[in-house]
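Engineer: I'd like to ask you about the structure that follows.
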Amino acid sequence: MNRVSQNRIILTKDGISEYRIVIAVAATPSETKAAQELQSYLRQISGTLIPIICDDVPITKKEIIVGNSSRLLDINAGIDWEELGDEGFTIRTVDEYLVIAGGTKKGTLYGVYAFLEEYLGCRWYTPSVSFIPAKTTLETEEIDDTQIPSLIYREVFCYEAAEGEFAARLKQNGGIIAAHYNKQLNGRIVPGLGGWAHTVFFVLPPVEYFETHPEYYALREGVRKPTQPCWSHPSVFRIVAENLRAAMAKDPGQKYWAISQMDNCEPCTCDACKAIDEREESPAGSILEFMNKLAAEFPDKTILTLAYLYSRKPPKTLKLAENVSIVLCSIECNRSRPIASDPENADFGNDFIKWMQIAPEILVWDYVVQYSGLIVPFPNLHVLQSNMEYFIHNNVKGMFAQGDYSPGGELSELRFYLLAKLMWNPDCDMEALMDDFLQGYYGAAGSCIREYINEMHDALIKSGKNLYTQGNYFYHREGYLSENMLDRYEEIFDKAEQAVADEPDLLLRVQRARIPIMLAKAELGYGDIDTRRSLVRV
């Protein structure tokens, strides 16, 4: 039984510390990074440099033990490593020791960031905006906190987030989609987990095969076209398997490999593919029959494939091999109401239930922006938590939230922050998180930005109109983007700018948040005559 401390631990007092940070002699790079980050931030907060030592020196009474080391046995810390898995962590006080220990990948690093954030008050709002408190005395009550991630894969794909230390601070373990798109083997993009979308032509490139073997590609209205593969053709399987095997040899540590349809709705309709799809009552049939066969070739790897647009409907009889995972795409879903309870999303919900019955593992590709206007307001913040809970509580293993991939998206910093927090813990207090972010990022203008968000979301609900990723914001010109509402938003932003008029950095952030309103007025007023919108000048 571990001895959880009953008293307050004083890490620093008036800029002086009796503590030292201890890591194993054979600490992993992630554990070493965790210790260095802890040391750096403790110094930034308190002005005190706490030394880092290894566990090959005698133990003392006051230590911060970071990662898996012999010290944990010395103090009987009681860490349940099996429970923590790869990325979970425990923060625990034992007598006068502080323990931060986690799974072998980034668990300890995540634990350090959680300690700094949840117990010492640090915040990382964007890659360039953070809040580090100043306290010469650092003390904590007794702690016994274990956190296990809800998802094995977590990625919000947007320009502001990307990769690196900021992503790690928000416990995002993705960031590899962009990385893999930039990684090439023999001039060909590697179809690993980082390239899980529309990858089959990476291993069956039309430029290499179509001219001489058009039969490898989709039959459309009697003509072979390089829109999709002919999944039933035996040579297609042979070529894909050979090229995939070659790619795996050059990246042997990669477990997940994506072979998925291209981004169009033109599947093969040859007799063989058609027969499978008709039997399964879904175009997913020929795709999944191919994937099951491919998975048998690589039993120690997992094959990822999409359930997307025309292939979203599950097959009638096919079961997936244990090493085939589905990436289910929610692109058609209405975003004005929660997916789980909205009748508009009933077909998606039915497909989701069926996929859960036949797929060993499901990851979800969700969509959190509107592609007809990445910068124009898209009031979907009110459904982010309910949708995340819906997926995670139904045992989805990974989430990829596709946001805006160019700079300047509407409230993209806030949207990323909230999604990242929800991916780690879908049951978190999102309202409190939003208020904290708005105050930290916009300062005194934060309450105005919250007022703007609330009024826009209320206007959407009141309008009764649906909100779609593939929709057009012109549809809402008599709803949340009406002349009256746009004027109201301008009033709110006038107030927000006044609140931070003497703080140039905060004022710039508020002005950037206002641009979507200015753009919406200009776009919606184009073609109007003698209306307030027709007079907009930007």
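Ordering of the structure tokens sets the chain letters (A, B, ...); residue numbers start at 1 within each chain; ligands are numbered from 1 in the order shown.
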If you run DSSP over the backbone, which residues in range 60-289 of chain A end up strand (DSSP E or B)? Put them as number ranges by chain.

Structural biologist: A: 63-66, 89-94, 97-102, 123-124, 130-131, 138-140, 144-147, 153-157, 184-185, 188-189, 192, 217-220, 223-229, 256-258

Engineer: For Tyr97 in chain A, list every protein, DNA or RNA residue within 8 Å, evaluated using only C-alpha atoms, and leave out those in the same chain fewer than 6 positions away; present the list as a ChimeraX atom specification.

Structural biologist: /A:61-65

Engineer: Residues of range 132-375 of chain A in alpha helix (DSSP H) according to DSSP, as a PyMOL selection string?

Structural biologist: chain A and resi 164-169+176-181+200-203+206-209+234-250+271-280+284-297+346-358

Engineer: Find the spatial neighbours of Ile353 in chain A, counting only C-alpha atoms, within a cut-off of 12 Å - ignore same-chain residues fewer than 3 positions away - and output them as a PyMOL selection string.

Structural biologist: chain A and resi 312-314+328+340+346-350+356-359+362+390-391+394-396

Engineer: Near Leu219 in chain A, counting only C-alpha atoms, which residues have an atom at most 10 Å away, once you skip same-chain residues fewer than 2 positions from it, shown as a PyMOL selection string?

Structural biologist: chain A and resi 214-217+221-230+266-271+273

Engineer: Quick one: residues within 7 Å of range 476-489 of chain A, only C-alpha atoms counted, chain neighbours fewer than 6 positions away excluded, as a PyMOL selection string?

Structural biologist: chain A and resi 452+456+459-460+463+517+533

Engineer: Calculate how many Å separate CA of Pro315 in chain A from CA of Ser336 in chain A, rounding to one decimal.

Structural biologist: 29.2 Å

Engineer: Can you pull out every residue within 12 Å of Thr126 in chain A, counting only C-alpha atoms, but drop anything in the same chain fewer than 6 positions away, and send it as a list of chain:residue names?

Structural biologist: A:Cys158, A:Tyr159, A:Glu160, A:Ala161, A:Ala162, A:Glu163, A:Gly164, A:Glu165, A:Phe166, A:Ala167, A:Ala168, A:Arg169, A:Leu170, A:Leu411, A:Ser412, A:Glu413, A:Leu414, A:Arg415, A:Phe416, A:Tyr417, A:Leu418, A:Ala420, A:Phe437, A:Leu438, A:Gly440, A:Tyr441, A:Arg509
